[in-house]
Amino acid sequence: MAGGAVLVTRRPTAWHAATVADVRAETPTAKRIELDVPTWPGNDAGAHLDLRLTAPDGYQASRSYSIASSGEGTRVLLAVDEVPEGEVSPFLVHDLRVGDQIEVHGPLGAFFVWTPRAEESPRPVQLIAGGSGVVPLYAMAQAHADAGDASEFRLLYSVRTPADVFFADELAALANSGAVELDLVYTRAAPPEASLPPGRLTPERLRGAAVPADENPRVYVCGPTPFVEAVSRWLLDAGHRPGDIRTERFGGS
Ligand SMILES: Cc1cc2nc3c(=O)[nH]c(=O)nc-3n(C[C@H](O)[C@H](O)[C@H](O)COP(=O)(O)OP(=O)(O)OC[C@H]3O[C@@H](n4cnc5c(N)ncnc54)[C@H](O)[C@@H]3O)c2cc1C
């Protein structure tokens, strides 16, 4: 396929019954949740879904969650960080059990997805995550590795401490295999081997770690709303074209 055509798979969006197949600790504040969704149509890397809980009295609450898995399977992987005082995430992190039945609506988000492209000159891909915003970006990085895709992939991941890194083993494996170049920015506590002391991502650190604008990268940014807005501004200031920056905001202020 020539001309950079995207291998898009059209998938119907619908509500699906899901059974919790596995729940395990991801970080001290987050859980990795695997759902068995027999009617799931598959999803591209980066997509999300709406998850709906129904209480015994009929009260319902739904929230969006990115999907850490991609492809055609009927197992759907999520990773949920607890927002203290939140309505839904504390339940998912503390009370959800294997065998519980929930509902999911999706897959959603055709704009914020990455699929392998057949290009004569593959463009680099720069992923930039804040906190749990790494979930869809991990899915993209894993899909890139699984596809043997030729484009350069870099992930810049801003996270509080080493213990807060989502998909730590998987990301280390992707980095060790050379599929993804991983740059971690620790905001509160850095491990001894870190090259920089802890501190928030700044325009200077972004410029130092990200693929430069003149290399024409596609950029995906995901995380809390203030993080995404700041990073998007810095990317534009650094010369990245608006059309090359795709963003997903997780909320918060
Ligand atoms: C497309 C999309 C994908 C998402 N994917 C993920 C994911 O993969 N993993 C994940 O953990 N979350 C994800 N989120 C966030 C998620 O949808 C919920 O917003 C989050 O779990 C909080 O829900 P809650 O009911 O616990 O809090 P709420 O009761 O909705 O909110 C409580 C308070 O927390 C604030 N708040 C809400 N969300 C956040 C946030 N993300 N950060 C900081 N403060 C917040 C609210 O403004 C409010 O003041 C995603 C959001 C979107 C829009």
# chains A, B, ... in the order shown; residues from 1 in each chain; ligands from 1
$ residues_near_ligand --ligand "ligand 1" --cutoff "9 Å" --atoms "only C-alpha atoms and all ligand atoms" --output "PDB file with N, CA and C atoms, in the first residue's frame"
ATOM      1  N   ALA A  30      -3.370   1.959  41.692  1.00  0.00           N
ATOM      2  CA  ALA A  30      -4.086   1.574  40.462  1.00  0.00           C
ATOM      3  C   ALA A  30      -4.227   0.066  40.342  1.00  0.00           C
ATOM      4  N   LYS A  31      -5.259  -0.366  39.618  1.00  0.00           N
ATOM      5  CA  LYS A  31      -5.477  -1.781  39.343  1.00  0.00           C
ATOM      6  C   LYS A  31      -5.474  -2.023  37.841  1.00  0.00           C
ATOM      7  N   ALA A  47      -7.749   3.235  21.472  1.00  0.00           N
ATOM      8  CA  ALA A  47      -9.197   3.414  21.642  1.00  0.00           C
ATOM      9  C   ALA A  47      -9.576   3.374  23.125  1.00  0.00           C
ATOM     10  N   HIS A  48     -10.773   3.850  23.421  1.00  0.00           N
ATOM     11  CA  HIS A  48     -11.276   3.749  24.792  1.00  0.00           C
ATOM     12  C   HIS A  48     -12.690   3.193  24.784  1.00  0.00           C
ATOM     13  N   LEU A  49     -13.233   2.997  25.967  1.00  0.00           N
ATOM     14  CA  LEU A  49     -14.613   2.529  26.091  1.00  0.00           C
ATOM     15  C   LEU A  49     -15.279   3.267  27.239  1.00  0.00           C
ATOM     16  N   ASP A  50     -16.581   3.183  27.278  1.00  0.00           N
ATOM     17  CA  ASP A  50     -17.321   3.660  28.443  1.00  0.00           C
ATOM     18  C   ASP A  50     -17.701   2.445  29.277  1.00  0.00           C
ATOM     19  N   LEU A  51     -17.438   2.546  30.564  1.00  0.00           N
ATOM     20  CA  LEU A  51     -17.718   1.439  31.482  1.00  0.00           C
ATOM     21  C   LEU A  51     -18.889   1.861  32.356  1.00  0.00           C
ATOM     22  N   ALA A  61     -23.710   4.527  36.976  1.00  0.00           N
ATOM     23  CA  ALA A  61     -22.646   5.521  36.764  1.00  0.00           C
ATOM     24  C   ALA A  61     -21.725   4.979  35.685  1.00  0.00           C
ATOM     25  N   SER A  62     -21.305   5.866  34.778  1.00  0.00           N
ATOM     26  CA  SER A  62     -20.369   5.408  33.748  1.00  0.00           C
ATOM     27  C   SER A  62     -19.215   6.387  33.616  1.00  0.00           C
ATOM     28  N   ARG A  63     -18.054   5.859  33.244  1.00  0.00           N
ATOM     29  CA  ARG A  63     -16.841   6.655  33.015  1.00  0.00           C
ATOM     30  C   ARG A  63     -16.100   6.055  31.825  1.00  0.00           C
ATOM     31  N   SER A  64     -15.249   6.885  31.223  1.00  0.00           N
ATOM     32  CA  SER A  64     -14.447   6.428  30.087  1.00  0.00           C
ATOM     33  C   SER A  64     -13.129   5.842  30.584  1.00  0.00           C
ATOM     34  N   TYR A  65     -12.687   4.757  29.958  1.00  0.00           N
ATOM     35  CA  TYR A  65     -11.358   4.202  30.241  1.00  0.00           C
ATOM     36  C   TYR A  65     -10.679   3.772  28.946  1.00  0.00           C
ATOM     37  N   SER A  66      -9.405   4.119  28.834  1.00  0.00           N
ATOM     38  CA  SER A  66      -8.624   3.708  27.676  1.00  0.00           C
ATOM     39  C   SER A  66      -8.381   2.209  27.736  1.00  0.00           C
ATOM     40  N   ILE A  67      -8.126   1.651  26.576  1.00  0.00           N
ATOM     41  CA  ILE A  67      -7.926   0.202  26.473  1.00  0.00           C
ATOM     42  C   ILE A  67      -6.431  -0.044  26.267  1.00  0.00           C
ATOM     43  N   ALA A  68      -5.860  -0.866  27.142  1.00  0.00           N
ATOM     44  CA  ALA A  68      -4.414  -1.126  27.070  1.00  0.00           C
ATOM     45  C   ALA A  68      -4.086  -2.222  26.070  1.00  0.00           C
ATOM     46  N   LEU A  78      -7.753  -3.036  30.928  1.00  0.00           N
ATOM     47  CA  LEU A  78      -7.834  -1.645  31.395  1.00  0.00           C
ATOM     48  C   LEU A  78      -6.844  -1.461  32.537  1.00  0.00           C
ATOM     49  N   ALA A  79      -6.524  -0.210  32.848  1.00  0.00           N
ATOM     50  CA  ALA A  79      -5.742   0.092  34.049  1.00  0.00           C
ATOM     51  C   ALA A  79      -6.324   1.371  34.637  1.00  0.00           C
ATOM     52  N   VAL A  80      -6.809   1.261  35.859  1.00  0.00           N
ATOM     53  CA  VAL A  80      -7.560   2.362  36.468  1.00  0.00           C
ATOM     54  C   VAL A  80      -6.834   2.867  37.703  1.00  0.00           C
ATOM     55  N   ASP A  81      -6.575   4.166  37.720  1.00  0.00           N
ATOM     56  CA  ASP A  81      -5.941   4.821  38.855  1.00  0.00           C
ATOM     57  C   ASP A  81      -7.041   5.415  39.737  1.00  0.00           C
ATOM     58  N   GLU A  82      -6.867   5.335  41.029  1.00  0.00           N
ATOM     59  CA  GLU A  82      -7.890   5.882  41.925  1.00  0.00           C
ATOM     60  C   GLU A  82      -7.793   7.405  41.985  1.00  0.00           C
ATOM     61  N   VAL A  83      -8.904   8.060  41.715  1.00  0.00           N
ATOM     62  CA  VAL A  83      -9.020   9.498  41.980  1.00  0.00           C
ATOM     63  C   VAL A  83      -9.685   9.604  43.351  1.00  0.00           C
ATOM     64  N   PRO A  84      -8.926  10.040  44.379  1.00  0.00           N
ATOM     65  CA  PRO A  84      -9.507  10.081  45.727  1.00  0.00           C
ATOM     66  C   PRO A  84     -10.791  10.916  45.728  1.00  0.00           C
ATOM     67  N   GLU A  85     -11.770  10.470  46.447  1.00  0.00           N
ATOM     68  CA  GLU A  85     -13.085  11.140  46.526  1.00  0.00           C
ATOM     69  C   GLU A  85     -13.898  10.957  45.254  1.00  0.00           C
ATOM     70  N   GLY A  86     -13.381  10.242  44.256  1.00  0.00           N
ATOM     71  CA  GLY A  86     -14.144  10.029  43.033  1.00  0.00           C
ATOM     72  C   GLY A  86     -15.293   9.056  43.268  1.00  0.00           C
ATOM     73  N   GLU A  87     -16.226   9.021  42.317  1.00  0.00           N
ATOM     74  CA  GLU A  87     -17.396   8.159  42.473  1.00  0.00           C
ATOM     75  C   GLU A  87     -17.118   6.739  41.964  1.00  0.00           C
ATOM     76  N   VAL A  88     -16.479   6.625  40.810  1.00  0.00           N
ATOM     77  CA  VAL A  88     -16.350   5.319  40.155  1.00  0.00           C
ATOM     78  C   VAL A  88     -14.982   4.670  40.388  1.00  0.00           C
ATOM     79  N   SER A  89     -13.892   5.450  40.257  1.00  0.00           N
ATOM     80  CA  SER A  89     -12.569   4.812  40.295  1.00  0.00           C
ATOM     81  C   SER A  89     -12.262   4.151  41.643  1.00  0.00           C
ATOM     82  N   PRO A  90     -12.651   4.706  42.812  1.00  0.00           N
ATOM     83  CA  PRO A  90     -12.375   3.980  44.061  1.00  0.00           C
ATOM     84  C   PRO A  90     -13.079   2.622  44.106  1.00  0.00           C
ATOM     85  N   PHE A  91     -14.281   2.546  43.533  1.00  0.00           N
ATOM     86  CA  PHE A  91     -14.970   1.255  43.490  1.00  0.00           C
ATOM     87  C   PHE A  91     -14.185   0.271  42.622  1.00  0.00           C
ATOM     88  N   LEU A  92     -13.746   0.731  41.443  1.00  0.00           N
ATOM     89  CA  LEU A  92     -13.022  -0.171  40.540  1.00  0.00           C
ATOM     90  C   LEU A  92     -11.711  -0.642  41.168  1.00  0.00           C
ATOM     91  N   LEU A 108     -14.425   3.129  21.232  1.00  0.00           N
ATOM     92  CA  LEU A 108     -14.656   4.544  20.941  1.00  0.00           C
ATOM     93  C   LEU A 108     -13.329   5.230  20.620  1.00  0.00           C
ATOM     94  N   GLY A 109     -13.401   6.347  19.880  1.00  0.00           N
ATOM     95  CA  GLY A 109     -12.221   7.188  19.718  1.00  0.00           C
ATOM     96  C   GLY A 109     -11.417   6.910  18.469  1.00  0.00           C
ATOM     97  N   GLY A 131       1.035  10.313  33.964  1.00  0.00           N
ATOM     98  CA  GLY A 131       0.330   9.401  34.869  1.00  0.00           C
ATOM     99  C   GLY A 131      -0.372   8.271  34.139  1.00  0.00           C
ATOM    100  N   SER A 132      -1.679   8.075  34.475  1.00  0.00           N
ATOM    101  CA  SER A 132      -2.422   6.973  33.861  1.00  0.00           C
ATOM    102  C   SER A 132      -2.661   7.203  32.370  1.00  0.00           C
ATOM    103  N   GLY A 133      -2.318   8.381  31.879  1.00  0.00           N
ATOM    104  CA  GLY A 133      -2.417   8.666  30.442  1.00  0.00           C
ATOM    105  C   GLY A 133      -1.527   7.772  29.603  1.00  0.00           C
ATOM    106  N   VAL A 134      -0.697   6.976  30.252  1.00  0.00           N
ATOM    107  CA  VAL A 134       0.160   6.067  29.492  1.00  0.00           C
ATOM    108  C   VAL A 134      -0.639   4.877  28.944  1.00  0.00           C
ATOM    109  N   VAL A 135      -1.847   4.634  29.463  1.00  0.00           N
ATOM    110  CA  VAL A 135      -2.576   3.407  29.084  1.00  0.00           C
ATOM    111  C   VAL A 135      -2.753   3.277  27.561  1.00  0.00           C
ATOM    112  N   PRO A 136      -3.353   4.262  26.877  1.00  0.00           N
ATOM    113  CA  PRO A 136      -3.523   4.080  25.424  1.00  0.00           C
ATOM    114  C   PRO A 136      -2.199   4.139  24.668  1.00  0.00           C
ATOM    115  N   CYS A 222      -1.359  12.230  26.132  1.00  0.00           N
ATOM    116  CA  CYS A 222      -2.498  11.770  26.934  1.00  0.00           C
ATOM    117  C   CYS A 222      -2.194  11.898  28.421  1.00  0.00           C
ATOM    118  N   GLY A 223      -3.199  12.354  29.170  1.00  0.00           N
ATOM    119  CA  GLY A 223      -3.036  12.474  30.618  1.00  0.00           C
ATOM    120  C   GLY A 223      -4.085  13.401  31.181  1.00  0.00           C
ATOM    121  N   PRO A 224      -3.852  13.888  32.418  1.00  0.00           N
ATOM    122  CA  PRO A 224      -4.788  14.849  33.015  1.00  0.00           C
ATOM    123  C   PRO A 224      -4.885  16.105  32.136  1.00  0.00           C
ATOM    124  N   THR A 225      -6.036  16.729  32.131  1.00  0.00           N
ATOM    125  CA  THR A 225      -6.279  17.875  31.244  1.00  0.00           C
ATOM    126  C   THR A 225      -5.192  18.956  31.329  1.00  0.00           C
ATOM    127  N   GLU A 248      -5.598  13.310  24.109  1.00  0.00           N
ATOM    128  CA  GLU A 248      -6.707  12.712  24.864  1.00  0.00           C
ATOM    129  C   GLU A 248      -6.608  13.234  26.290  1.00  0.00           C
ATOM    130  N   ARG A 249      -7.702  13.866  26.775  1.00  0.00           N
ATOM    131  CA  ARG A 249      -7.709  14.443  28.122  1.00  0.00           C
ATOM    132  C   ARG A 249      -8.490  13.537  29.053  1.00  0.00           C
ATOM    133  N   PHE A 250      -7.876  13.198  30.194  1.00  0.00           N
ATOM    134  CA  PHE A 250      -8.514  12.286  31.146  1.00  0.00           C
ATOM    135  C   PHE A 250      -9.376  13.015  32.167  1.00  0.00           C
ATOM    136  N   GLY A 251      -9.366  14.347  32.202  1.00  0.00           N
ATOM    137  CA  GLY A 251     -10.163  15.094  33.177  1.00  0.00           C
ATOM    138  C   GLY A 251      -9.290  15.648  34.289  1.00  0.00           C
ATOM    139  N   GLY A 252      -9.935  16.221  35.285  1.00  0.00           N
ATOM    140  CA  GLY A 252      -9.215  16.870  36.378  1.00  0.00           C
ATOM    141  C   GLY A 252      -8.874  18.291  36.016  1.00  0.00           C
ATOM    142  N   SER A 253      -8.534  19.084  37.034  1.00  0.00           N
ATOM    143  CA  SER A 253      -8.212  20.471  36.750  1.00  0.00           C
ATOM    144  C   SER A 253      -7.038  20.897  37.616  1.00  0.00           C
TER     145      SER A 253
END
$ residues_around --residues "A:Asp164" --least-positions-apart "4" --cutoff "7 Å" --atoms "only C-alpha atoms" --output "list in words"
Thr27, Pro28, Val159 and Arg160 of chain A
$ write_last_selection --atoms "N, CA, C and O atoms" --output "CSV table (one decimal), in the first residue's frame"
chain,number,residue,atom,x,y,z
A,27,THR,N,-0.1,-0.4,40.4
A,27,THR,CA,0.7,0.5,41.1
A,27,THR,C,0.1,0.6,42.5
A,27,THR,O,-1.0,0.0,42.7
A,28,PRO,N,0.7,1.3,43.5
A,28,PRO,CA,0.0,1.4,44.8
A,28,PRO,C,-1.4,2.0,44.7
A,28,PRO,O,-2.2,1.8,45.7
A,159,VAL,N,5.8,10.7,35.4
A,159,VAL,CA,5.2,9.9,36.5
A,159,VAL,C,5.8,10.3,37.8
A,159,VAL,O,6.9,10.7,37.9
A,160,ARG,N,5.0,10.1,38.9
A,160,ARG,CA,5.4,10.6,40.2
A,160,ARG,C,6.7,9.9,40.7
A,160,ARG,O,7.7,10.6,41.0
$ select_by_dssp --residues "stretch 1-106 of chain A" --states "strand (DSSP E)" --output "number ranges by chain"
A: 14-27, 30-36, 48-54, 60-66, 75-81, 101-106
$ residues_around --residues "A:Asp183" --least-positions-apart "3" --cutoff "7 Å" --atoms "only C-alpha atoms" --output "list in words"
Leu155, Leu156, Tyr157 and Ala209 of chain A
$ residues_around --residues "A:Val23" --least-positions-apart "2" --cutoff "7 Å" --atoms "only C-alpha atoms" --output "VMD selection string"
chain A and resid 31 to 34 97 to 98
$ write_last_selection --atoms "all heavy atoms" --output "PDB file, in the first residue's frame"
ATOM      1  N   LYS A  31      -5.259  -0.366  39.618  1.00  0.00           N
ATOM      2  CA  LYS A  31      -5.477  -1.781  39.343  1.00  0.00           C
ATOM      3  C   LYS A  31      -5.474  -2.023  37.841  1.00  0.00           C
ATOM      4  O   LYS A  31      -5.927  -1.174  37.060  1.00  0.00           O
ATOM      5  CB  LYS A  31      -6.832  -2.232  39.916  1.00  0.00           C
ATOM      6  CG  LYS A  31      -6.838  -2.370  41.432  1.00  0.00           C
ATOM      7  CD  LYS A  31      -6.283  -3.710  41.883  1.00  0.00           C
ATOM      8  CE  LYS A  31      -6.025  -3.802  43.381  1.00  0.00           C
ATOM      9  NZ  LYS A  31      -7.215  -3.686  44.202  1.00  0.00           N
ATOM     10  N   ARG A  32      -4.949  -3.186  37.491  1.00  0.00           N
ATOM     11  CA  ARG A  32      -5.046  -3.681  36.118  1.00  0.00           C
ATOM     12  C   ARG A  32      -6.275  -4.589  36.070  1.00  0.00           C
ATOM     13  O   ARG A  32      -6.394  -5.513  36.872  1.00  0.00           O
ATOM     14  CB  ARG A  32      -3.786  -4.466  35.786  1.00  0.00           C
ATOM     15  CG  ARG A  32      -3.718  -4.981  34.392  1.00  0.00           C
ATOM     16  CD  ARG A  32      -2.481  -5.841  34.182  1.00  0.00           C
ATOM     17  NE  ARG A  32      -1.223  -5.111  34.315  1.00  0.00           N
ATOM     18  CZ  ARG A  32      -0.134  -5.369  33.581  1.00  0.00           C
ATOM     19  NH1 ARG A  32      -0.163  -6.317  32.674  1.00  0.00           N
ATOM     20  NH2 ARG A  32       0.968  -4.686  33.766  1.00  0.00           N
ATOM     21  N   ILE A  33      -7.184  -4.318  35.168  1.00  0.00           N
ATOM     22  CA  ILE A  33      -8.462  -5.033  35.134  1.00  0.00           C
ATOM     23  C   ILE A  33      -8.617  -5.685  33.758  1.00  0.00           C
ATOM     24  O   ILE A  33      -8.584  -4.997  32.735  1.00  0.00           O
ATOM     25  CB  ILE A  33      -9.637  -4.055  35.380  1.00  0.00           C
ATOM     26  CG1 ILE A  33      -9.504  -3.414  36.762  1.00  0.00           C
ATOM     27  CG2 ILE A  33     -10.976  -4.767  35.222  1.00  0.00           C
ATOM     28  CD1 ILE A  33     -10.430  -2.220  36.974  1.00  0.00           C
ATOM     29  N   GLU A  34      -8.773  -7.017  33.770  1.00  0.00           N
ATOM     30  CA  GLU A  34      -8.964  -7.711  32.499  1.00  0.00           C
ATOM     31  C   GLU A  34     -10.425  -8.146  32.403  1.00  0.00           C
ATOM     32  O   GLU A  34     -10.955  -8.761  33.328  1.00  0.00           O
ATOM     33  CB  GLU A  34      -8.042  -8.930  32.433  1.00  0.00           C
ATOM     34  CG  GLU A  34      -7.995  -9.520  31.043  1.00  0.00           C
ATOM     35  CD  GLU A  34      -6.940 -10.616  30.921  1.00  0.00           C
ATOM     36  OE1 GLU A  34      -6.142 -10.798  31.868  1.00  0.00           O
ATOM     37  OE2 GLU A  34      -6.940 -11.276  29.885  1.00  0.00           O
ATOM     38  N   ARG A  97     -14.355  -7.363  41.764  1.00  0.00           N
ATOM     39  CA  ARG A  97     -13.881  -8.731  41.992  1.00  0.00           C
ATOM     40  C   ARG A  97     -14.005  -9.560  40.721  1.00  0.00           C
ATOM     41  O   ARG A  97     -14.893  -9.316  39.903  1.00  0.00           O
ATOM     42  CB  ARG A  97     -14.727  -9.409  43.088  1.00  0.00           C
ATOM     43  CG  ARG A  97     -14.627  -8.737  44.453  1.00  0.00           C
ATOM     44  CD  ARG A  97     -13.303  -9.044  45.148  1.00  0.00           C
ATOM     45  NE  ARG A  97     -13.211  -8.335  46.427  1.00  0.00           N
ATOM     46  CZ  ARG A  97     -12.611  -7.150  46.605  1.00  0.00           C
ATOM     47  NH1 ARG A  97     -12.059  -6.539  45.579  1.00  0.00           N
ATOM     48  NH2 ARG A  97     -12.558  -6.589  47.791  1.00  0.00           N
ATOM     49  N   VAL A  98     -13.147 -10.582  40.611  1.00  0.00           N
ATOM     50  CA  VAL A  98     -13.251 -11.526  39.493  1.00  0.00           C
ATOM     51  C   VAL A  98     -14.654 -12.131  39.495  1.00  0.00           C
ATOM     52  O   VAL A  98     -15.168 -12.501  40.553  1.00  0.00           O
ATOM     53  CB  VAL A  98     -12.177 -12.637  39.633  1.00  0.00           C
ATOM     54  CG1 VAL A  98     -12.423 -13.764  38.643  1.00  0.00           C
ATOM     55  CG2 VAL A  98     -10.781 -12.045  39.434  1.00  0.00           C
TER      56      VAL A  98
END
$ select_by_dssp --residues "stretch 50-108 of chain A" --states "alpha helix (DSSP H)" --output "list of chain:residue names"
A:Ser89, A:Pro90, A:Phe91, A:Leu92, A:Val93, A:His94
$ write_last_selection --atoms "all heavy atoms" --output "PDB file, in the first residue's frame"
ATOM      1  N   SER A  89     -13.892   5.450  40.257  1.00  0.00           N
ATOM      2  CA  SER A  89     -12.569   4.812  40.295  1.00  0.00           C
ATOM      3  C   SER A  89     -12.262   4.151  41.643  1.00  0.00           C
ATOM      4  O   SER A  89     -11.669   3.063  41.653  1.00  0.00           O
ATOM      5  CB  SER A  89     -11.474   5.795  39.883  1.00  0.00           C
ATOM      6  OG  SER A  89     -11.403   6.888  40.769  1.00  0.00           O
ATOM      7  N   PRO A  90     -12.651   4.706  42.812  1.00  0.00           N
ATOM      8  CA  PRO A  90     -12.375   3.980  44.061  1.00  0.00           C
ATOM      9  C   PRO A  90     -13.079   2.622  44.106  1.00  0.00           C
ATOM     10  O   PRO A  90     -12.523   1.644  44.613  1.00  0.00           O
ATOM     11  CB  PRO A  90     -12.906   4.928  45.148  1.00  0.00           C
ATOM     12  CG  PRO A  90     -12.823   6.287  44.521  1.00  0.00           C
ATOM     13  CD  PRO A  90     -13.185   6.054  43.078  1.00  0.00           C
ATOM     14  N   PHE A  91     -14.281   2.546  43.533  1.00  0.00           N
ATOM     15  CA  PHE A  91     -14.970   1.255  43.490  1.00  0.00           C
ATOM     16  C   PHE A  91     -14.185   0.271  42.622  1.00  0.00           C
ATOM     17  O   PHE A  91     -13.968  -0.890  43.006  1.00  0.00           O
ATOM     18  CB  PHE A  91     -16.399   1.421  42.936  1.00  0.00           C
ATOM     19  CG  PHE A  91     -17.094   0.097  42.769  1.00  0.00           C
ATOM     20  CD1 PHE A  91     -17.750  -0.489  43.835  1.00  0.00           C
ATOM     21  CD2 PHE A  91     -17.048  -0.576  41.552  1.00  0.00           C
ATOM     22  CE1 PHE A  91     -18.359  -1.739  43.690  1.00  0.00           C
ATOM     23  CE2 PHE A  91     -17.640  -1.820  41.401  1.00  0.00           C
ATOM     24  CZ  PHE A  91     -18.301  -2.400  42.477  1.00  0.00           C
ATOM     25  N   LEU A  92     -13.746   0.731  41.443  1.00  0.00           N
ATOM     26  CA  LEU A  92     -13.022  -0.171  40.540  1.00  0.00           C
ATOM     27  C   LEU A  92     -11.711  -0.642  41.168  1.00  0.00           C
ATOM     28  O   LEU A  92     -11.303  -1.788  41.012  1.00  0.00           O
ATOM     29  CB  LEU A  92     -12.752   0.526  39.198  1.00  0.00           C
ATOM     30  CG  LEU A  92     -13.999   0.903  38.393  1.00  0.00           C
ATOM     31  CD1 LEU A  92     -13.609   1.699  37.150  1.00  0.00           C
ATOM     32  CD2 LEU A  92     -14.789  -0.354  37.987  1.00  0.00           C
ATOM     33  N   VAL A  93     -11.046   0.251  41.876  1.00  0.00           N
ATOM     34  CA  VAL A  93      -9.732  -0.081  42.443  1.00  0.00           C
ATOM     35  C   VAL A  93      -9.869  -0.962  43.694  1.00  0.00           C
ATOM     36  O   VAL A  93      -9.072  -1.878  43.894  1.00  0.00           O
ATOM     37  CB  VAL A  93      -8.940   1.218  42.754  1.00  0.00           C
ATOM     38  CG1 VAL A  93      -7.704   0.937  43.596  1.00  0.00           C
ATOM     39  CG2 VAL A  93      -8.553   1.908  41.446  1.00  0.00           C
ATOM     40  N   HIS A  94     -10.885  -0.739  44.507  1.00  0.00           N
ATOM     41  CA  HIS A  94     -10.958  -1.456  45.788  1.00  0.00           C
ATOM     42  C   HIS A  94     -11.997  -2.567  45.844  1.00  0.00           C
ATOM     43  O   HIS A  94     -11.846  -3.517  46.605  1.00  0.00           O
ATOM     44  CB  HIS A  94     -11.255  -0.470  46.932  1.00  0.00           C
ATOM     45  CG  HIS A  94     -10.188   0.559  47.097  1.00  0.00           C
ATOM     46  ND1 HIS A  94      -8.934   0.246  47.573  1.00  0.00           N
ATOM     47  CD2 HIS A  94     -10.168   1.887  46.824  1.00  0.00           C
ATOM     48  CE1 HIS A  94      -8.186   1.338  47.583  1.00  0.00           C
ATOM     49  NE2 HIS A  94      -8.916   2.345  47.135  1.00  0.00           N
TER      50      HIS A  94
END
$ residues_around --residues "A:Gly148" --least-positions-apart "2" --cutoff "12 Å" --atoms "only C-alpha atoms" --output "number ranges by chain"
A: 115-118, 141-146, 150-153, 174, 177-180
$ write_last_selection --atoms "C-alpha atoms" --output "PDB file, in the first residue's frame"
ATOM      1  CA  THR A 115      -2.460   1.634  13.374  1.00  0.00           C
ATOM      2  CA  PRO A 116       0.496   0.376  11.332  1.00  0.00           C
ATOM      3  CA  ARG A 117       0.929   2.323   8.094  1.00  0.00           C
ATOM      4  CA  ALA A 118       2.540   1.168   4.883  1.00  0.00           C
ATOM      5  CA  ALA A 141       3.768   0.987  21.605  1.00  0.00           C
ATOM      6  CA  GLN A 142       2.893  -2.692  22.023  1.00  0.00           C
ATOM      7  CA  ALA A 143       0.923  -2.741  18.742  1.00  0.00           C
ATOM      8  CA  HIS A 144       3.898  -1.134  16.977  1.00  0.00           C
ATOM      9  CA  ALA A 145       6.236  -3.832  18.332  1.00  0.00           C
ATOM     10  CA  ASP A 146       3.813  -6.677  17.583  1.00  0.00           C
ATOM     11  CA  ALA A 150       9.437   0.234  10.970  1.00  0.00           C
ATOM     12  CA  SER A 151       8.730   3.716  12.352  1.00  0.00           C
ATOM     13  CA  GLU A 152      10.828   5.167  15.182  1.00  0.00           C
ATOM     14  CA  PHE A 153       8.781   5.155  18.421  1.00  0.00           C
ATOM     15  CA  LEU A 174       9.754  -2.828  24.755  1.00  0.00           C
ATOM     16  CA  SER A 177      14.079  -4.956  22.560  1.00  0.00           C
ATOM     17  CA  GLY A 178      14.721  -1.600  20.878  1.00  0.00           C
ATOM     18  CA  ALA A 179      11.083  -1.290  19.729  1.00  0.00           C
ATOM     19  CA  VAL A 180      10.541   1.868  21.784  1.00  0.00           C
TER      20      VAL A 180
END
$ closest_residue --among "A:Val125, A:Leu77, A:Val165, A:Val221" --to "A:Pro191" --atoms "only C-alpha atoms"
A:Val165
$ closest_residue --among "A:Leu236, A:Val20, A:Met140, A:Leu201" --to "A:Leu96" --atoms "only C-alpha atoms"
A:Val20
$ residues_around --residues "A:Asp237" --least-positions-apart "5" --cutoff "10 Å" --atoms "only C-alpha atoms" --output "JSON list (two decimals) with all heavy atoms, in the first residue's frame"
[["chain", "number", "residue", "atom", "x", "y", "z"],
["A", 203, "PRO", "N", 9.16, 22.83, 29.30],
["A", 203, "PRO", "CA", 9.40, 22.94, 27.85],
["A", 203, "PRO", "C", 10.82, 22.51, 27.48],
["A", 203, "PRO", "O", 11.03, 21.86, 26.46],
["A", 203, "PRO", "CB", 9.19, 24.43, 27.57],
["A", 203, "PRO", "CG", 8.31, 24.90, 28.67],
["A", 203, "PRO", "CD", 8.63, 24.07, 29.87],
["A", 231, "VAL", "N", 1.49, 20.55, 27.59],
["A", 231, "VAL", "CA", 2.39, 19.90, 26.62],
["A", 231, "VAL", "C", 2.03, 20.31, 25.18],
["A", 231, "VAL", "O", 2.91, 20.57, 24.36],
["A", 231, "VAL", "CB", 2.34, 18.37, 26.80],
["A", 231, "VAL", "CG1", 3.03, 17.66, 25.65],
["A", 231, "VAL", "CG2", 2.98, 17.96, 28.13],
["A", 232, "SER", "N", 0.73, 20.40, 24.90],
["A", 232, "SER", "CA", 0.32, 20.79, 23.54],
["A", 232, "SER", "C", 0.84, 22.19, 23.19],
["A", 232, "SER", "O", 1.31, 22.43, 22.08],
["A", 232, "SER", "CB", -1.21, 20.78, 23.41],
["A", 232, "SER", "OG", -1.70, 19.51, 23.73]]
$ atom_distance --atom1 "atom CA of A:Arg200" --atom2 "atom CA of A:Phe112"
24.8 Å
$ closest_residue --among "A:Ala139, A:Val228, A:Ala213, A:Ala189" --to "A:Arg241" --atoms "only C-alpha atoms"
A:Ala213
$ closest_residue --among "A:Ala147, A:Trp234, A:Arg188, A:Tyr138" --to "A:Ala173" --atoms "only C-alpha atoms"
A:Tyr138
